[in-house]
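> Just final_6.cif, nothing more (mmCIF, C-alpha atoms and all ligand atoms):
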```
data_coords
loop_
_atom_site.group_PDB
_atom_site.id
_atom_site.type_symbol
_atom_site.label_atom_id
_atom_site.label_comp_id
_atom_site.auth_asym_id
_atom_site.auth_seq_id
_atom_site.Cartn_x
_atom_site.Cartn_y
_atom_site.Cartn_z
ATOM 1 C CA MET A 284 1.610 8.660 -7.911
ATOM 2 C CA ASN A 285 -0.135 11.349 -5.885
ATOM 3 C CA TRP A 286 -3.722 12.476 -6.237
ATOM 4 C CA GLU A 287 -4.827 15.691 -4.571
ATOM 5 C CA PRO A 288 -8.568 16.222 -5.246
ATOM 6 C CA TRP A 289 -8.326 19.328 -3.064
ATOM 7 C CA THR A 290 -5.530 21.453 -1.702
ATOM 8 C CA GLY A 291 -4.985 23.557 1.402
ATOM 9 C CA CYS A 292 -4.858 22.588 5.037
ATOM 10 C CA TYR A 293 -4.266 24.007 8.509
ATOM 11 C CA LYS A 294 -2.725 22.967 11.776
ATOM 12 C CA ILE A 295 -4.457 20.325 13.885
ATOM 13 C CA SER A 296 -1.653 19.158 16.195
ATOM 14 C CA ASP A 297 2.025 19.529 17.083
ATOM 15 C CA GLY A 298 3.165 17.493 14.083
ATOM 16 C CA CYS A 299 1.769 20.212 11.810
ATOM 17 C CA THR A 300 3.941 23.013 13.242
ATOM 18 C CA ASN A 301 6.458 23.056 10.400
ATOM 19 C CA CYS A 302 4.258 21.641 7.649
ATOM 20 C CA TYR A 303 5.114 23.492 4.460
ATOM 21 C CA PHE A 304 1.627 23.026 3.046
ATOM 22 C CA TYR A 305 0.238 25.845 5.154
ATOM 23 C CA GLY A 306 1.361 28.935 7.031
ATOM 24 C CA PRO A 307 4.437 31.081 6.434
ATOM 25 C CA ASN A 308 6.306 28.372 4.533
ATOM 26 C CA ALA A 309 3.444 27.512 2.191
ATOM 27 C CA LYS A 310 4.439 27.175 -1.418
ATOM 28 C CA ARG A 311 1.520 29.373 -2.398
ATOM 29 C CA HIS A 312 -0.221 32.282 -0.719
ATOM 30 C CA ASP A 313 -3.401 31.321 1.123
ATOM 31 C CA GLN A 314 -2.677 27.631 1.202
ATOM 32 C CA GLY A 315 -4.737 27.394 4.376
ATOM 33 C CA GLU A 316 -7.817 27.850 2.201
ATOM 34 C CA VAL A 317 -9.207 24.485 1.124
ATOM 35 C CA VAL A 318 -10.129 24.412 -2.569
ATOM 36 C CA LYS A 319 -10.777 21.754 -5.204
ATOM 37 C CA THR A 320 -7.931 21.126 -7.634
ATOM 38 C CA ASP A 321 -8.141 20.670 -11.392
ATOM 39 C CA LYS A 322 -7.360 16.987 -10.760
ATOM 40 C CA PHE A 323 -10.506 16.454 -8.719
ATOM 41 C CA ASP A 324 -11.857 13.708 -11.006
ATOM 42 C CA TRP A 325 -8.467 12.469 -12.232
ATOM 43 C CA PRO A 326 -8.905 8.726 -11.457
ATOM 44 C CA VAL A 327 -12.047 8.479 -13.601
ATOM 45 C CA ARG A 328 -11.026 10.723 -16.498
ATOM 46 C CA THR A 329 -10.995 8.953 -19.843
ATOM 47 C CA ASN A 330 -9.388 9.489 -23.235
ATOM 48 C CA LYS A 331 -11.198 9.672 -26.585
ATOM 49 C CA LYS A 332 -11.411 5.886 -26.722
ATOM 50 C CA GLY A 333 -13.208 5.858 -23.379
ATOM 51 C CA GLU A 334 -10.229 4.319 -21.567
ATOM 52 C CA TYR A 335 -9.140 5.605 -18.197
ATOM 53 C CA ASN A 336 -6.181 7.989 -18.383
ATOM 54 C CA ILE A 337 -4.718 6.310 -15.312
ATOM 55 C CA LYS A 338 -4.214 2.632 -16.035
ATOM 56 C CA GLY A 339 -5.050 0.034 -13.395
ATOM 57 C CA ASP A 340 -2.763 -1.770 -10.967
ATOM 58 C CA LYS A 341 -1.496 1.534 -9.564
ATOM 59 C CA ILE A 342 -1.149 2.988 -6.098
ATOM 60 C CA LEU A 343 -2.493 6.494 -5.609
ATOM 61 C CA ALA A 344 -1.295 8.386 -2.543
ATOM 62 C CA THR A 345 -4.441 10.421 -1.890
ATOM 63 C CA CYS A 346 -4.452 13.775 -0.066
ATOM 64 C CA PHE A 347 -0.860 13.471 1.150
ATOM 65 C CA ALA A 348 -0.510 17.253 0.740
ATOM 66 C CA THR A 349 -3.768 18.098 2.492
ATOM 67 C CA ASP A 350 -6.124 16.021 4.670
ATOM 68 C CA PHE A 351 -8.831 13.735 3.284
ATOM 69 C CA PHE A 352 -11.039 14.296 6.340
ATOM 70 C CA LEU A 353 -11.016 18.101 6.489
ATOM 71 C CA PRO A 354 -14.520 19.384 7.328
ATOM 72 C CA GLU A 355 -14.143 21.918 4.495
ATOM 73 C CA ALA A 356 -14.177 18.982 2.037
ATOM 74 C CA ASP A 357 -17.339 17.365 3.410
ATOM 75 C CA GLY A 358 -19.405 18.498 0.425
ATOM 76 C CA TRP A 359 -16.973 16.929 -2.093
ATOM 77 C CA ARG A 360 -16.062 13.651 -0.403
ATOM 78 C CA ALA A 361 -19.090 11.580 -1.523
ATOM 79 C CA GLU A 362 -18.017 12.114 -5.145
ATOM 80 C CA VAL A 363 -14.469 11.113 -4.302
ATOM 81 C CA TRP A 364 -15.642 7.926 -2.579
ATOM 82 C CA ALA A 365 -17.672 7.079 -5.688
ATOM 83 C CA MET A 366 -14.549 7.491 -7.857
ATOM 84 C CA ILE A 367 -12.533 5.326 -5.478
ATOM 85 C CA LYS A 368 -15.209 2.643 -5.607
ATOM 86 C CA GLU A 369 -15.309 2.774 -9.400
ATOM 87 C CA ARG A 370 -11.538 2.219 -9.627
ATOM 88 C CA GLN A 371 -11.247 -1.119 -7.841
ATOM 89 C CA ASP A 372 -8.097 -1.706 -9.913
ATOM 90 C CA ILE A 373 -6.261 1.069 -8.019
ATOM 91 C CA ASP A 374 -5.103 0.983 -4.405
ATOM 92 C CA PHE A 375 -5.780 4.288 -2.673
ATOM 93 C CA LEU A 376 -3.611 5.274 0.297
ATOM 94 C CA ILE A 377 -5.276 7.861 2.500
ATOM 95 C CA LEU A 378 -3.179 9.406 5.253
ATOM 96 C CA THR A 379 -4.773 11.570 7.942
ATOM 97 C CA LYS A 380 -4.249 13.468 11.165
ATOM 98 C CA ARG A 381 -8.030 13.767 11.496
ATOM 99 C CA ILE A 382 -8.979 10.142 12.035
ATOM 100 C CA ASP A 383 -11.591 11.287 14.577
ATOM 101 C CA ARG A 384 -13.647 12.528 11.607
ATOM 102 C CA PHE A 385 -13.643 9.116 9.970
ATOM 103 C CA MET A 386 -17.147 7.906 10.882
ATOM 104 C CA VAL A 387 -18.863 11.149 9.833
ATOM 105 C CA SER A 388 -17.070 11.061 6.489
ATOM 106 C CA LEU A 389 -18.070 7.634 5.176
ATOM 107 C CA PRO A 390 -20.233 6.755 2.178
ATOM 108 C CA ARG A 391 -23.468 4.846 2.876
ATOM 109 C CA ASP A 392 -22.213 1.624 1.327
ATOM 110 C CA TRP A 393 -18.899 1.549 3.189
ATOM 111 C CA GLY A 394 -19.844 -1.543 5.255
ATOM 112 C CA ASP A 395 -16.624 -3.075 6.612
ATOM 113 C CA GLY A 396 -14.584 -0.913 4.259
ATOM 114 C CA TYR A 397 -13.652 -0.857 0.573
ATOM 115 C CA GLU A 398 -11.035 -3.453 -0.379
ATOM 116 C CA ASN A 399 -8.939 -0.932 -2.321
ATOM 117 C CA VAL A 400 -8.670 1.664 0.463
ATOM 118 C CA ASN A 401 -5.732 1.780 2.860
ATOM 119 C CA ILE A 402 -6.222 4.241 5.702
ATOM 120 C CA GLY A 403 -3.135 5.606 7.421
ATOM 121 C CA CYS A 404 -3.307 7.239 10.840
ATOM 122 C CA THR A 405 -0.509 9.692 11.554
ATOM 123 C CA VAL A 406 0.929 10.047 15.048
ATOM 124 C CA GLU A 407 3.829 12.257 16.028
ATOM 125 C CA ASN A 408 4.053 11.778 19.808
ATOM 126 C CA GLN A 409 2.723 9.514 22.554
ATOM 127 C CA GLU A 410 -0.174 11.773 23.452
ATOM 128 C CA ARG A 411 -1.534 11.783 19.887
ATOM 129 C CA ALA A 412 -0.890 8.024 19.569
ATOM 130 C CA ASP A 413 -2.924 7.349 22.721
ATOM 131 C CA TYR A 414 -5.770 9.526 21.433
ATOM 132 C CA ARG A 415 -5.886 8.598 17.744
ATOM 133 C CA LEU A 416 -4.922 4.935 17.614
ATOM 134 C CA PRO A 417 -7.720 3.474 19.816
ATOM 135 C CA LEU A 418 -10.223 5.339 17.611
ATOM 136 C CA PHE A 419 -8.454 4.152 14.473
ATOM 137 C CA LEU A 420 -8.648 0.523 15.601
ATOM 138 C CA SER A 421 -12.321 0.802 16.496
ATOM 139 C CA TYR A 422 -13.404 1.833 12.969
ATOM 140 C CA PRO A 423 -14.392 -0.489 10.109
ATOM 141 C CA ILE A 424 -11.306 -0.405 7.877
ATOM 142 C CA LYS A 425 -10.047 -3.256 5.697
ATOM 143 C CA ARG A 426 -6.414 -2.141 5.501
ATOM 144 C CA ARG A 427 -4.690 0.031 8.100
ATOM 145 C CA PHE A 428 -1.271 1.560 8.441
ATOM 146 C CA ILE A 429 0.286 3.869 11.023
ATOM 147 C CA ALA A 430 2.636 6.694 10.042
ATOM 148 C CA CYS A 431 4.832 7.879 12.936
ATOM 149 C CA SER A 432 5.681 11.149 11.292
ATOM 150 C CA PRO A 433 7.100 13.621 11.954
ATOM 151 C CA LEU A 434 8.535 11.544 14.774
ATOM 152 C CA LEU A 435 9.055 14.010 17.648
ATOM 153 C CA GLU A 436 9.748 11.731 20.609
ATOM 154 C CA PRO A 437 9.881 8.037 21.544
ATOM 155 C CA ILE A 438 6.456 6.453 20.994
ATOM 156 C CA ASP A 439 5.170 3.123 22.232
ATOM 157 C CA ILE A 440 2.620 1.918 19.675
ATOM 158 C CA SER A 441 2.801 -1.720 20.775
ATOM 159 C CA PRO A 442 -0.713 -1.695 22.374
ATOM 160 C CA TYR A 443 -2.158 -0.615 19.021
ATOM 161 C CA LEU A 444 -0.627 -2.955 16.466
ATOM 162 C CA HIS A 445 -3.276 -5.681 16.298
ATOM 163 C CA GLY A 446 -5.086 -5.441 12.975
ATOM 164 C CA VAL A 447 -2.501 -3.003 11.578
ATOM 165 C CA HIS A 448 -0.825 -4.035 8.314
ATOM 166 C CA HIS A 449 2.130 -1.699 8.175
ATOM 167 C CA VAL A 450 3.975 1.061 10.048
ATOM 168 C CA THR A 451 6.189 3.842 8.717
ATOM 169 C CA ALA A 452 8.385 6.291 10.615
ATOM 170 C CA GLY A 453 10.027 9.490 9.440
ATOM 171 C CA GLY A 454 11.627 12.663 10.705
ATOM 172 C CA GLU A 455 10.532 16.235 10.169
ATOM 173 C CA THR A 456 11.600 18.070 7.029
ATOM 174 C CA GLY A 457 12.301 21.762 6.446
ATOM 175 C CA ARG A 458 14.556 24.481 7.815
ATOM 176 C CA ALA A 459 12.940 24.631 11.241
ATOM 177 C CA ALA A 460 12.747 20.833 11.599
ATOM 178 C CA ARG A 461 12.979 19.273 15.027
ATOM 179 C CA GLU A 462 15.427 16.494 15.736
ATOM 180 C CA CYS A 463 14.645 12.867 14.973
ATOM 181 C CA ASP A 464 16.591 10.351 17.045
ATOM 182 C CA TYR A 465 17.447 7.058 15.361
ATOM 183 C CA ASP A 466 16.901 5.242 18.676
ATOM 184 C CA TRP A 467 13.214 6.226 18.553
ATOM 185 C CA VAL A 468 12.987 4.764 15.054
ATOM 186 C CA LEU A 469 14.637 1.522 16.136
ATOM 187 C CA GLN A 470 12.289 1.216 19.098
ATOM 188 C CA ILE A 471 9.250 1.414 16.816
ATOM 189 C CA ARG A 472 10.813 -1.078 14.456
ATOM 190 C CA GLU A 473 11.317 -3.449 17.384
ATOM 191 C CA GLN A 474 7.673 -3.065 18.444
ATOM 192 C CA CYS A 475 6.605 -3.938 14.889
ATOM 193 C CA ALA A 476 8.915 -6.954 14.716
ATOM 194 C CA LYS A 477 7.411 -8.338 17.922
ATOM 195 C CA ALA A 478 3.883 -7.909 16.506
ATOM 196 C CA ASP A 479 4.892 -9.223 13.062
ATOM 197 C CA VAL A 480 3.886 -5.959 11.386
ATOM 198 C CA THR A 481 5.985 -4.677 8.479
ATOM 199 C CA PHE A 482 8.017 -1.533 9.104
ATOM 200 C CA TRP A 483 9.475 1.108 6.795
ATOM 201 C CA PHE A 484 11.859 3.949 7.738
ATOM 202 C CA LYS A 485 10.695 6.569 5.261
ATOM 203 C CA ASN A 486 13.076 9.476 5.803
ATOM 204 C CA THR A 487 15.565 10.718 8.368
ATOM 205 C CA GLY A 488 14.170 14.220 8.567
ATOM 206 C CA ALA A 489 16.382 17.282 8.250
ATOM 207 C CA VAL A 490 18.001 16.953 11.692
ATOM 208 C CA PHE A 491 18.986 13.379 12.434
ATOM 209 C CA LYS A 492 20.640 12.067 15.584
ATOM 210 C CA ARG A 493 22.464 8.775 15.458
ATOM 211 C CA ASP A 494 24.956 7.316 17.942
ATOM 212 C CA GLY A 495 24.851 10.614 19.843
ATOM 213 C CA VAL A 496 25.818 12.677 16.782
ATOM 214 C CA VAL A 497 23.347 15.198 15.356
ATOM 215 C CA GLU A 498 23.632 15.793 11.635
ATOM 216 C CA ARG A 499 21.796 18.070 9.193
ATOM 217 C CA ILE A 500 20.704 15.960 6.238
ATOM 218 C CA ASN A 501 20.405 17.298 2.697
ATOM 219 C CA PRO A 502 16.647 17.455 1.925
ATOM 220 C CA PHE A 503 17.165 15.447 -1.260
ATOM 221 C CA LYS A 504 18.950 12.689 0.643
ATOM 222 C CA GLU A 505 16.654 12.124 3.621
ATOM 223 C CA THR A 506 14.983 9.121 1.987
ATOM 224 C CA THR A 507 18.211 7.610 0.660
ATOM 225 C CA VAL A 508 20.017 7.910 3.991
ATOM 226 C CA ALA A 509 17.085 6.225 5.737
ATOM 227 C CA LYS A 510 17.012 3.438 3.155
ATOM 228 C CA GLU A 511 20.763 2.868 3.351
ATOM 229 C CA LEU A 512 20.468 2.084 7.030
ATOM 230 C CA GLY A 513 18.906 -1.171 5.840
ATOM 231 C CA ILE A 514 16.206 -1.584 8.476
ATOM 232 C CA ASN A 515 13.151 -1.770 6.196
ATOM 233 C CA ASP A 516 10.984 -4.858 6.022
ATOM 234 C CA LEU A 517 10.774 -5.565 2.308
ATOM 235 C CA ARG A 518 7.470 -7.411 2.670
ATOM 236 C CA GLY A 519 5.885 -3.940 3.000
ATOM 237 C CA LYS A 520 7.490 -2.628 -0.176
ATOM 238 C CA ARG A 521 4.666 -2.926 -2.709
ATOM 239 C CA LEU A 522 2.103 -0.711 -1.051
ATOM 240 C CA PHE A 523 4.242 1.559 1.007
HETATM 241 S S1 LIG B 1 -2.778 17.848 8.683
HETATM 242 FE FE1 LIG B 1 -1.015 17.349 7.396
HETATM 243 S S2 LIG B 1 -1.174 18.699 5.598
HETATM 244 FE FE2 LIG B 1 -2.525 19.527 7.218
HETATM 245 S S3 LIG B 1 -1.279 21.066 8.258
HETATM 246 FE FE3 LIG B 1 -1.080 19.131 9.394
HETATM 247 S S4 LIG B 1 0.742 18.146 8.538
HETATM 248 FE FE4 LIG B 1 0.104 19.750 7.111
#
```
Could you rewrite the structure in this file as structure tokens?


Amino acid sequence: MNWEPWTGCYKISDGCTNCYFYGPNAKRHDQGEVVKTDKFDWPVRTNKKGEYNIKGDKILATCFATDFFLPEADGWRAEVWAMIKERQDIDFLILTKRIDRFMVSLPRDWGDGYENVNIGCTVENQERADYRLPLFLSYPIKRRFIACSPLLEPIDISPYLHGVHHVTAGGETGRAARECDYDWVLQIREQCAKADVTFWFKNTGAVFKRDGVVERINPFKETTVAKELGINDLRGKRLF
């Protein structure tokens, strides 16, 4: 399940170039403007009996279509943290390209981190990995994952895997997508295996190179094709 308390975003790095949540390919006009959605308080909404509409033991992918740490959302985030804290029975996955805004975005009672919050740091190339991942590792976070997506080149994340619970990799989607080479995916998988970190190949991307052959993949099949390659570590299945 996805929860988007706000919508809208804008480019922060090369991985954003073909993001369809902003710019000319946005699904809606003005998607670069960051606004609250009508699902802002969704996790704590209740029915007439006073029961939560969303039952417990769920995973909520939070802000996957925007960025949790956008400065434009600074005035709303304290309320969102309070909702997350209230719903200890839900695991919240928060994925970001703005991990450098982490410390200025925390609630006062964060301490070493909330147990039910999984923070994912996205890296698309080596330069962003070398900038974002040392910061990511230095912050108080109980559960961490790295998302190498959209994977734009070979990346060595092996210096940054201590204390990381899971890694995903995926290619770029959309008509203008850049190529994703399967060798790059396998290299990351190998780095994870050596560090005993679970790995998941999320999607091939729209332009996938394998054994020297470049293929355009049907957008509805990118996940299935990746899965059928059989390289996922099933220990990481529940949360990711
Ligand atoms: S941060 Fe994420 S949602 Fe925002 S523009 Fe970049 S890729 Fe898109």

> Go ahead and compute the interatomic distance for atom CA of Thr290 of chain A and atom CA of Leu418 of chain A, in Å to one decimal.

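Those two atoms sit 25.6 Å apart.
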
> Once you count all atoms listed in the file, what closest atom pair and distance in Å to one decimal does each residue of chain A within 8 Å of ligand LIG 1 (chain B) have, with rows by chain and rising residue number, as JSON lines?


```
{"residue": "A:Gly291", "atom": "CA", "partner": "B:LIG1", "partner_atom": "S2", "distance": 7.5}
{"residue": "A:Cys292", "atom": "CA", "partner": "B:LIG1", "partner_atom": "FE2", "distance": 4.4}
{"residue": "A:Tyr293", "atom": "CA", "partner": "B:LIG1", "partner_atom": "S3", "distance": 4.2}
{"residue": "A:Lys294", "atom": "CA", "partner": "B:LIG1", "partner_atom": "S3", "distance": 4.3}
{"residue": "A:Ile295", "atom": "CA", "partner": "B:LIG1", "partner_atom": "FE3", "distance": 5.7}
{"residue": "A:Ser296", "atom": "CA", "partner": "B:LIG1", "partner_atom": "FE3", "distance": 6.8}
{"residue": "A:Gly298", "atom": "CA", "partner": "B:LIG1", "partner_atom": "S4", "distance": 6.1}
{"residue": "A:Cys299", "atom": "CA", "partner": "B:LIG1", "partner_atom": "FE3", "distance": 3.9}
{"residue": "A:Thr300", "atom": "CA", "partner": "B:LIG1", "partner_atom": "FE3", "distance": 7.4}
{"residue": "A:Asn301", "atom": "CA", "partner": "B:LIG1", "partner_atom": "S4", "distance": 7.8}
{"residue": "A:Cys302", "atom": "CA", "partner": "B:LIG1", "partner_atom": "FE4", "distance": 4.6}
{"residue": "A:Tyr303", "atom": "CA", "partner": "B:LIG1", "partner_atom": "FE4", "distance": 6.8}
{"residue": "A:Phe304", "atom": "CA", "partner": "B:LIG1", "partner_atom": "FE4", "distance": 5.4}
{"residue": "A:Tyr305", "atom": "CA", "partner": "B:LIG1", "partner_atom": "S3", "distance": 5.9}
{"residue": "A:Phe347", "atom": "CA", "partner": "B:LIG1", "partner_atom": "S2", "distance": 6.9}
{"residue": "A:Ala348", "atom": "CA", "partner": "B:LIG1", "partner_atom": "S2", "distance": 5.1}
{"residue": "A:Thr349", "atom": "CA", "partner": "B:LIG1", "partner_atom": "S2", "distance": 4.1}
{"residue": "A:Asp350", "atom": "CA", "partner": "B:LIG1", "partner_atom": "S1", "distance": 5.5}
{"residue": "A:Thr379", "atom": "CA", "partner": "B:LIG1", "partner_atom": "S1", "distance": 6.6}
{"residue": "A:Lys380", "atom": "CA", "partner": "B:LIG1", "partner_atom": "S1", "distance": 5.2}
{"residue": "A:Arg381", "atom": "CA", "partner": "B:LIG1", "partner_atom": "S1", "distance": 7.2}
```

> One decimal, Å: what's the distance from atom CA of Asn336 of chain A over to atom CA of Arg427 of chain A, could you say?

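Here the two named atoms are 27.7 Å from each other.
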
> Could you name the residues that touch Pro442 of chain A at 12 Å or less, counting only C-alpha atoms, but leaving out those on the same chain fewer than 2 positions away, as a PyMOL selection string?

chain A and resi 409+412-413+416-417+420+438-440+444-447+471+474-475+477-478

> Rank A:Ala356, A:Ser421, A:Thr345, A:Pro288 by their smallest atom-to-atom distance to Asp324 of chain A, using all atoms listed in the file, and report the top residue only.

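Smallest separation from Asp324 of chain A among the options: A:Pro288.
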
> So what do you get for atom CA of Val400 of chain A versus atom CA of Arg426 of chain A, distance-wise?

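Atom-to-atom, atom CA of Val400 of chain A and atom CA of Arg426 of chain A are spaced 6.7 Å apart.
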
> With all atoms listed in the file as the counted atoms, please give the residues lying no more than 12 Å from Gly457 of chain A, apart from itself and same-chain residues fewer than 2 positions off, as a PyMOL selection string.

chain A and resi 299-304+308-309+433+454-455+459-462+487-490+499-503+505

> Report, as AutoDock Vina command-line options, the centre and edge lengths in Å (one decimal) of the axis-aligned box enclosing every listed atom of segment 424-432 of chain A, padded by 4 Å on each side.


```
--center_x -2.8 --center_y 3.9 --center_z 9.2 --size_x 25.0 --size_y 22.4 --size_z 15.4
```

> Between A:Val317, A:Ala361, A:Ala452, A:Met284, single out the one closest to Lys510 of chain A, counting all atoms listed in the file.

A:Ala452

> Run the PyMOL selection byres (((chain A and resi 365-370) around 8) and not hetatm) against the file shown and list the residues it catches, as a PyMOL selection string.

chain A and resi 324+326-327+339+361-364+371-373+375+397+399-400
